[in-house]
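S.K.: Take a look at work35.txt, compact mmCIF, C-alpha atoms and all ligand atoms:
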```txt
# COMPACT_ATOMS: atom_id res chain seq x y z
CA MET A 1 5.01 -1.16 -17.34
CA SER A 2 4.31 -3.19 -14.23
CA THR A 3 5.51 -2.28 -10.79
CA THR A 4 5.77 -5.03 -8.22
CA GLY A 5 6.17 -4.83 -4.48
CA GLN A 6 4.87 -6.13 -1.18
CA GLN A 7 8.07 -7.73 0.03
CA GLY A 8 7.98 -9.57 3.32
CA ARG A 9 10.53 -9.21 6.14
CA ASP A 10 13.00 -11.62 4.55
CA GLY A 11 12.74 -9.99 1.13
CA GLU A 12 10.42 -12.66 -0.26
CA SER A 13 7.29 -11.51 -2.07
CA ASP A 14 4.29 -12.29 0.11
CA ALA A 15 2.20 -12.97 -2.97
CA GLY A 16 4.63 -15.37 -4.64
CA TRP A 17 5.99 -15.22 -8.18
CA CYS A 18 4.32 -14.92 -11.54
CA LEU A 19 6.69 -16.00 -14.31
CA VAL A 20 6.29 -14.75 -17.86
CA VAL A 21 7.64 -17.08 -20.54
CA PRO A 22 7.84 -15.77 -24.12
CA VAL A 23 7.45 -18.24 -26.98
CA LYS A 24 7.73 -16.95 -30.50
CA LEU A 25 6.13 -18.64 -33.50
CA LEU A 26 7.71 -22.09 -33.55
CA HIS A 27 8.55 -22.06 -37.25
CA LEU A 28 10.72 -18.99 -36.62
CA ALA A 29 12.41 -20.33 -33.48
CA LYS A 30 15.83 -21.79 -32.76
CA SER A 31 17.43 -20.87 -36.07
CA ARG A 32 20.90 -21.87 -34.81
CA LEU A 33 19.90 -25.34 -33.65
CA SER A 34 19.37 -27.42 -36.78
CA THR A 35 19.31 -27.14 -40.54
CA GLU A 36 16.03 -29.08 -40.57
CA ALA A 37 13.09 -26.70 -40.00
CA SER A 38 10.74 -29.34 -38.54
CA HIS A 39 13.41 -30.36 -36.02
CA ARG A 40 13.88 -26.76 -34.91
CA SER A 41 10.15 -26.32 -34.32
CA ALA A 42 9.81 -29.64 -32.48
CA LEU A 43 12.75 -28.83 -30.20
CA ALA A 44 11.60 -25.26 -29.54
CA LEU A 45 8.21 -26.65 -28.47
CA ALA A 46 9.79 -29.33 -26.28
CA PHE A 47 12.17 -26.85 -24.59
CA ALA A 48 9.27 -24.52 -23.85
CA ALA A 49 7.19 -27.38 -22.43
CA ASP A 50 10.00 -28.56 -20.14
CA THR A 51 10.71 -24.99 -19.02
CA VAL A 52 7.06 -24.31 -18.24
CA ALA A 53 6.56 -27.67 -16.52
CA ALA A 54 9.55 -27.06 -14.22
CA ALA A 55 8.37 -23.51 -13.47
CA LEU A 56 4.90 -24.79 -12.58
CA ARG A 57 6.42 -27.33 -10.17
CA THR A 58 8.28 -24.56 -8.30
CA SER A 59 6.75 -23.96 -4.89
CA SER A 60 6.88 -20.13 -4.85
CA VAL A 61 5.39 -19.84 -8.36
CA VAL A 62 1.76 -18.80 -8.36
CA GLU A 63 1.27 -18.68 -12.11
CA VAL A 64 3.17 -19.09 -15.35
CA VAL A 65 2.01 -16.78 -18.13
CA VAL A 66 3.13 -17.79 -21.61
CA VAL A 67 3.09 -15.05 -24.22
CA THR A 68 2.65 -16.61 -27.61
CA ASP A 69 0.75 -16.47 -30.87
CA ASP A 70 1.73 -20.02 -31.71
CA PRO A 71 -1.35 -22.30 -31.51
CA THR A 72 0.64 -25.52 -30.95
CA ALA A 73 2.69 -24.01 -28.14
CA ALA A 74 -0.42 -22.40 -26.63
CA ALA A 75 -2.29 -25.72 -26.58
CA LEU A 76 0.53 -27.67 -24.96
CA VAL A 77 1.37 -25.17 -22.22
CA THR A 78 -2.33 -24.73 -21.45
CA GLU A 79 -2.53 -28.49 -20.93
CA LEU A 80 0.43 -28.22 -18.55
CA GLY A 81 -1.37 -25.59 -16.48
CA ALA A 82 0.04 -22.29 -17.73
CA ALA A 83 -2.03 -19.23 -18.63
CA VAL A 84 -1.62 -18.06 -22.20
CA VAL A 85 -1.86 -14.54 -23.54
CA SER A 86 -1.47 -13.61 -27.18
CA ASP A 87 1.52 -11.59 -28.30
CA ALA A 88 -0.71 -8.58 -28.79
CA PRO A 89 2.09 -6.00 -29.14
CA ASP A 90 3.67 -8.08 -31.94
CA ALA A 91 6.77 -5.93 -31.54
CA GLY A 92 9.45 -8.34 -30.37
CA LEU A 93 10.57 -9.95 -27.16
CA ASN A 94 10.61 -7.10 -24.61
CA PRO A 95 7.17 -5.72 -25.53
CA ALA A 96 5.84 -9.29 -25.34
CA LEU A 97 7.30 -9.66 -21.85
CA ARG A 98 5.86 -6.34 -20.65
CA HIS A 99 2.48 -7.40 -22.01
CA GLY A 100 2.64 -10.72 -20.15
CA ALA A 101 3.76 -8.96 -16.97
CA ALA A 102 0.84 -6.53 -17.13
CA GLU A 103 -1.53 -9.46 -17.51
CA ALA A 104 0.10 -11.31 -14.60
CA SER A 105 -0.06 -8.21 -12.37
CA SER A 106 -3.73 -7.70 -13.06
CA ARG A 107 -4.51 -11.34 -12.32
CA HIS A 108 -2.29 -11.48 -9.23
CA PRO A 109 -1.87 -8.03 -7.69
CA GLY A 110 1.33 -7.75 -5.66
CA CYS A 111 2.91 -10.77 -7.29
CA ALA A 112 6.64 -10.64 -7.91
CA ILE A 113 7.20 -10.83 -11.67
CA GLY A 114 9.89 -12.73 -13.49
CA ALA A 115 10.72 -13.20 -17.15
CA LEU A 116 12.05 -16.64 -17.89
CA SER A 117 13.57 -17.73 -21.18
CA ALA A 118 11.68 -20.60 -22.85
CA ASP A 119 14.80 -22.51 -23.83
CA LEU A 120 15.82 -24.12 -20.54
CA PRO A 121 15.11 -27.83 -21.15
CA ALA A 122 17.18 -28.98 -18.17
CA LEU A 123 15.52 -26.57 -15.72
CA LYS A 124 15.18 -28.01 -12.18
CA SER A 125 12.45 -26.56 -10.00
CA THR A 126 14.69 -26.68 -6.92
CA GLU A 127 17.27 -24.50 -8.67
CA LEU A 128 14.62 -22.11 -9.95
CA ALA A 129 13.22 -21.83 -6.43
CA THR A 130 16.69 -20.85 -5.17
CA ALA A 131 17.05 -18.23 -7.91
CA LEU A 132 13.66 -16.74 -7.00
CA GLN A 133 14.57 -16.68 -3.32
CA ARG A 134 17.85 -14.88 -4.04
CA ALA A 135 16.10 -12.39 -6.33
CA GLY A 136 13.59 -11.70 -3.58
CA LYS A 137 16.45 -10.48 -1.40
CA VAL A 138 17.82 -8.01 -3.96
CA GLY A 139 14.57 -6.64 -5.41
CA ARG A 140 15.52 -6.86 -9.07
CA GLY A 141 17.75 -9.77 -10.01
CA VAL A 142 19.16 -11.27 -13.19
CA VAL A 143 20.53 -14.72 -13.87
CA ALA A 144 23.35 -14.81 -16.41
CA ASP A 145 23.10 -17.37 -19.17
CA ALA A 146 25.74 -20.09 -19.41
CA VAL A 147 27.90 -18.02 -21.78
CA GLY A 148 27.81 -15.12 -19.34
CA THR A 149 26.61 -12.30 -21.59
CA GLY A 150 22.90 -13.05 -21.90
CA THR A 151 20.07 -13.41 -19.42
CA THR A 152 17.94 -16.45 -18.71
CA ALA A 153 15.83 -14.92 -15.96
CA TYR A 154 15.01 -11.31 -15.08
CA LEU A 155 13.34 -11.41 -11.68
CA VAL A 156 11.60 -8.42 -10.13
CA ALA A 157 10.39 -8.78 -6.56
CA ALA A 158 10.19 -5.01 -6.08
CA GLY A 159 10.43 -2.13 -8.55
CA GLU A 160 9.82 -1.58 -12.24
CA PHE A 161 9.64 -4.52 -14.61
CA THR A 162 11.78 -3.25 -17.49
CA PRO A 163 13.20 -6.24 -19.38
CA LEU A 164 16.10 -5.59 -21.74
CA PHE A 165 16.60 -8.97 -23.37
CA GLY A 166 18.63 -9.09 -26.56
CA ALA A 167 22.33 -8.70 -27.36
CA ASP A 168 24.49 -8.26 -24.25
CA SER A 169 21.39 -8.29 -22.06
CA LEU A 170 23.17 -9.18 -18.82
CA ARG A 171 25.17 -5.97 -18.98
CA ALA A 172 22.06 -4.01 -20.02
CA HIS A 173 20.02 -5.34 -17.10
CA ILE A 174 22.79 -4.58 -14.62
CA ALA A 175 23.31 -1.08 -16.07
CA ALA A 176 19.59 -0.49 -15.51
CA GLY A 177 19.88 -1.41 -11.84
CA ALA A 178 19.35 -5.16 -11.65
CA VAL A 179 21.68 -7.26 -9.53
CA ALA A 180 23.33 -10.39 -10.93
CA ILE A 181 22.36 -13.07 -8.49
CA ARG A 182 24.73 -15.86 -7.57
CA ALA A 183 24.04 -18.78 -9.89
CA ASP A 184 27.24 -20.82 -9.97
CA ASP A 185 25.27 -23.56 -8.20
CA LEU A 186 22.24 -23.23 -10.52
CA PRO A 187 23.48 -24.69 -13.83
CA SER A 188 20.02 -25.68 -15.02
CA VAL A 189 18.76 -22.09 -14.74
CA ARG A 190 21.73 -20.80 -16.74
CA ARG A 191 21.73 -23.48 -19.46
CA ASP A 192 19.82 -21.98 -22.35
CA VAL A 193 19.97 -23.90 -25.60
CA ASP A 194 20.58 -22.13 -28.88
CA THR A 195 23.10 -24.41 -30.60
CA PRO A 196 23.77 -28.16 -30.90
CA ALA A 197 26.68 -27.74 -28.46
CA ASP A 198 24.32 -26.13 -25.93
CA LEU A 199 21.97 -29.08 -26.30
CA THR A 200 24.80 -31.50 -25.52
CA GLU A 201 25.52 -29.50 -22.36
CA ALA A 202 21.84 -29.59 -21.39
CA LEU A 203 21.72 -33.35 -21.91
CA GLY A 204 24.62 -33.62 -19.49
CA LEU A 205 22.52 -31.85 -16.85
CA GLY A 206 19.48 -34.02 -17.62
CA VAL A 207 16.66 -32.66 -19.77
CA GLY A 208 12.93 -32.90 -19.13
CA GLU A 209 10.59 -35.48 -20.61
CA TYR A 210 9.38 -33.40 -23.57
CA THR A 211 12.89 -32.78 -24.84
CA ARG A 212 13.89 -36.39 -24.24
CA ARG A 213 10.91 -37.65 -26.24
CA ALA A 214 11.39 -35.09 -29.03
CA LEU A 215 15.01 -36.18 -29.42
CA ASP A 216 13.97 -39.84 -29.51
CA ARG A 217 11.59 -39.05 -32.36
CA LEU A 218 14.05 -37.02 -34.47
N1 LIG B 301 6.19 -13.97 -27.60
C1 LIG B 301 7.37 -13.69 -28.15
N2 LIG B 301 8.47 -14.39 -27.78
C2 LIG B 301 9.66 -14.09 -28.37
C3 LIG B 301 9.78 -13.07 -29.35
N3 LIG B 301 11.08 -13.02 -29.75
C4 LIG B 301 11.72 -13.97 -29.05
N4 LIG B 301 10.88 -14.63 -28.23
C5 LIG B 301 11.23 -15.71 -27.28
O1 LIG B 301 12.29 -15.21 -26.49
C6 LIG B 301 13.30 -16.20 -26.26
C7 LIG B 301 14.63 -15.75 -26.88
O2 LIG B 301 14.40 -15.54 -28.24
P1 LIG B 301 15.49 -15.43 -29.41
O3 LIG B 301 16.85 -15.60 -28.87
O4 LIG B 301 15.17 -14.18 -30.16
O5 LIG B 301 15.12 -16.62 -30.39
P2 LIG B 301 15.37 -18.16 -30.32
O6 LIG B 301 14.26 -18.82 -31.05
O7 LIG B 301 15.58 -18.56 -28.90
O8 LIG B 301 16.73 -18.42 -31.08
P3 LIG B 301 17.41 -17.91 -32.45
O9 LIG B 301 16.52 -18.23 -33.60
O10 LIG B 301 18.66 -18.69 -32.51
O11 LIG B 301 17.65 -16.43 -32.29
C8 LIG B 301 12.73 -17.48 -26.84
O12 LIG B 301 12.03 -18.12 -25.80
C9 LIG B 301 11.75 -16.98 -27.92
O13 LIG B 301 10.72 -17.89 -28.20
C10 LIG B 301 8.61 -12.34 -29.70
O14 LIG B 301 8.60 -11.44 -30.54
N5 LIG B 301 7.44 -12.68 -29.07
C1 LIG B 302 17.57 -12.99 -25.86
C2 LIG B 302 18.62 -13.44 -25.18
O1 LIG B 302 19.25 -14.64 -25.40
P1 LIG B 302 19.23 -15.72 -26.56
O2 LIG B 302 19.36 -14.97 -27.86
O3 LIG B 302 20.39 -16.59 -26.24
O4 LIG B 302 17.92 -16.45 -26.42
C3 LIG B 302 19.22 -12.74 -24.03
O5 LIG B 302 20.12 -13.33 -23.40
O6 LIG B 302 18.82 -11.63 -23.73
```
Please go through the file and, once you have read it, give me the structure as structure tokens.
M.R.:
Amino acid sequence: MSTTGQQGRDGESDAGWCLVVPVKLLHLAKSRLSTEASHRSALALAFAADTVAAALRTSSVVEVVVVTDDPTAAALVTELGAAVVSDAPDAGLNPALRHGAAEASSRHPGCAIGALSADLPALKSTELATALQRAGKVGRGVVADAVGTGTTAYLVAAGEFTPLFGADSLRAHIAAGAVAIRADDLPSVRRDVDTPADLTEALGLGVGEYTRRALDRL
């Protein structure tokens, strides 16, 4: 388990943020999105690429660590500038995130650590920067997903990195001491895409180039 710290006077981490993005094997991803398996994989890859690209453009982000065993996803996010670690625990989402966080902490001691869902195709770096800034002020912050029961970002500027993604994860994170940060003005950070209706909502916000091109091809 990683412990982060070194907050500055205004609550910001002096060392910036390392964001851990989990990407499961693409052929297993996004089961609720399409009946066509190849479309699901292509969209899962495109969402991850747009999420990672936006995170890398965010000023306070020092590194994006993608945890994946998927070779196609690994190659694309490496090209974008992310670091990739294998899903060595092979034990589901939260162990994968803890593994990525440990790697990030060893590469960037003192870095604030965030877990960011890989299915945020409309993510805007300005909105992510605001979320990170707000999390820096509370120590351990969570951003509620658009539905309001899940989590799109678990952001630890100080304290233990103990992600609890899964069913009802917003409540679980808050019960474990995280603070729900204000995100009514951050729709792109909240807009995760699991279903066709979610994708329509994301398109309304404006998706990134990988998702746009993937949709053009399908
Ligand atoms: N590395 C890694 N990432 C995972 C694992 N499980 C889930 N993820 C990622 O965590 C995020 C949320 O995952 P899920 O909600 O379980 O799966 P999903 O593919 O988004 O959608 P569904 O198939 O509809 O459940 C996505 O970015 C996944 O790629 C895992 O075991 N290892
Ligand atoms: C894993 C989660 O969400 P989803 O299943 O929507 O990706 C979560 O919100 O913790």
S.K.: Please report as CSV every residue of chain A lying within 10 Å of ligand LIG 302 (chain B), along with the nearest atom pair and their distance in Å (one decimal), using all atoms listed in the file.
M.R.:
```
residue,atom,partner,partner_atom,distance
A:Ala29,CA,B:LIG302,O4,9.8
A:Lys30,CA,B:LIG302,O4,8.5
A:Arg32,CA,B:LIG302,O2,9.9
A:Leu93,CA,B:LIG302,C1,7.7
A:Asn94,CA,B:LIG302,C1,9.2
A:Ser117,CA,B:LIG302,O4,6.9
A:Ala118,CA,B:LIG302,O4,8.3
A:Asp119,CA,B:LIG302,O4,7.3
A:Leu120,CA,B:LIG302,O4,9.9
A:Val143,CA,B:LIG302,O5,9.6
A:Ala144,CA,B:LIG302,O5,7.8
A:Asp145,CA,B:LIG302,O5,6.6
A:Ala146,CA,B:LIG302,O3,9.4
A:Val147,CA,B:LIG302,O3,8.9
A:Gly148,CA,B:LIG302,O5,8.9
A:Thr149,CA,B:LIG302,O5,6.8
A:Gly150,CA,B:LIG302,O5,3.2
A:Thr151,CA,B:LIG302,O5,4.0
A:Thr152,CA,B:LIG302,O5,6.0
A:Ala153,CA,B:LIG302,O5,8.7
A:Tyr154,CA,B:LIG302,O6,9.5
A:Pro163,CA,B:LIG302,O6,8.9
A:Leu164,CA,B:LIG302,O6,6.9
A:Phe165,CA,B:LIG302,O6,3.5
A:Gly166,CA,B:LIG302,O6,3.8
A:Ala167,CA,B:LIG302,O6,5.8
A:Asp168,CA,B:LIG302,O6,6.6
A:Ser169,CA,B:LIG302,O6,4.5
A:Leu170,CA,B:LIG302,O5,6.9
A:Arg171,CA,B:LIG302,O6,9.7
A:Ala172,CA,B:LIG302,O6,9.1
A:His173,CA,B:LIG302,O6,9.2
A:Arg191,CA,B:LIG302,O3,9.8
A:Asp192,CA,B:LIG302,O3,6.7
A:Val193,CA,B:LIG302,O3,7.3
A:Asp194,CA,B:LIG302,O3,6.1
A:Thr195,CA,B:LIG302,O3,9.4
```
S.K.: Which residue is closest to ligand LIG 301 (chain B)? Choose from A:Asp198, A:Asp184, A:Glu127, A:Glu79 and count only C-alpha atoms and all ligand atoms.
M.R.: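 Smallest distance to ligand LIG 301 (chain B) is found for A:Asp198.
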S.K.: Between atom CA of Val23 of chain A and atom CA of Ser60 of chain A, what is the distance in Å, rounded to a tenth?
M.R.: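 Atom CA of Ser60 of chain A lies 22.2 Å from atom CA of Val23 of chain A.
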S.K.: Taking 3 positions as the minimum chain separation for residues in the same chain, which residues sit within 12 Å of segment 204-213 of chain A when counting all atoms listed in the file? Answer as an MDAnalysis selection string.
M.R.: chainID A and resid 39:55 76:77 80 119:125 186:193 197:201 216:218
S.K.: Quick one, how far is atom P2 of ligand LIG 301 (chain B) from atom CA of Thr35 of chain A?
M.R.: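 Answer for the atom P2 of ligand LIG 301 (chain B) to atom CA of Thr35 of chain A separation: 14.2 Å.
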S.K.: One number please: atom CA of Ala91 of chain A to atom CA of Ala131 of chain A, in Å, one decimal.
M.R.: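 These two atoms are separated by 28.6 Å.
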S.K.: Nearest to ligand LIG 301 (chain B) among A:Val66, A:Val138, A:Ala101, A:Leu56, with distances taken over all atoms listed in the file: which residue is it?
M.R.: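 Comparing A:Val66, A:Val138, A:Ala101, A:Leu56 against ligand LIG 301 (chain B), the winner is A:Val66.
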S.K.: For each of A:Ala96, A:Val65, A:Ala15, A:Ile181, take the minimum atom-to-atom distance to Lys137 of chain A, counting all atoms listed in the file, then give the residue where this is smallest.
M.R.: A:Ile181
S.K.: As a list in words, please: the residues near Gly114 of chain A (cut-off 7 Å, all atoms listed in the file, same-chain neighbours under 4 positions excluded).
M.R.: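 The filter keeps Cys18, Leu19, Val20, Ala153, Tyr154, Leu155 and Val156 of chain A.
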S.K.: Keeping only C-alpha atoms, write the selected residues to a file as a short mmCIF file (atom, residue, chain, number, x, y, z; two decimals), keeping the file's coordinate frame.
M.R.:
```cif
data_model
loop_
_atom_site.label_atom_id
_atom_site.label_comp_id
_atom_site.auth_asym_id
_atom_site.auth_seq_id
_atom_site.Cartn_x
_atom_site.Cartn_y
_atom_site.Cartn_z
CA CYS A 18 4.32 -14.92 -11.54
CA LEU A 19 6.69 -16.00 -14.31
CA VAL A 20 6.29 -14.75 -17.86
CA ALA A 153 15.83 -14.92 -15.96
CA TYR A 154 15.01 -11.31 -15.08
CA LEU A 155 13.34 -11.41 -11.68
CA VAL A 156 11.60 -8.42 -10.13
#
```
S.K.: Emit as AutoDock Vina command-line options the padded axis-aligned box for all listed atoms of ligand LIG 301 (chain B), 5 Å per side, with centre and edge lengths in Å to one decimal.
M.R.:
```
--center_x 12.4 --center_y -15.1 --center_z -29.7 --size_x 22.5 --size_y 17.4 --size_z 17.8
```
S.K.: From the set A:Leu116, A:Ala37, A:Val64, A:Ala75, which residue has the shortest atom-to-atom contact distance to ligand LIG 301 (chain B), counting only C-alpha atoms and all ligand atoms?
M.R.: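 Among A:Leu116, A:Ala37, A:Val64, A:Ala75, it is A:Leu116 that comes nearest to ligand LIG 301 (chain B).
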S.K.: When distances are computed from only C-alpha atoms and all ligand atoms, which of A:Asp185, A:Glu160, A:Glu103, A:Asp90 shows the smallest separation from ligand LIG 301 (chain B)?
M.R.: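 So, comparing all the options, the nearest one is A:Asp90.
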S.K.: Give me, as a ChimeraX atom specification, all polymer residues having an atom no more than 9 Å from Pro109 of chain A, counting all atoms listed in the file and skipping those fewer than 3 positions away in the same chain.
M.R.: /A:4,15,104-106,112
S.K.: Nearest to Thr130 of chain A among A:Gly177, A:Ala73, A:Arg107, A:Val61, with distances taken over all atoms listed in the file: which residue is it?
M.R.: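 Distance minimum relative to Thr130 of chain A lands on A:Val61.
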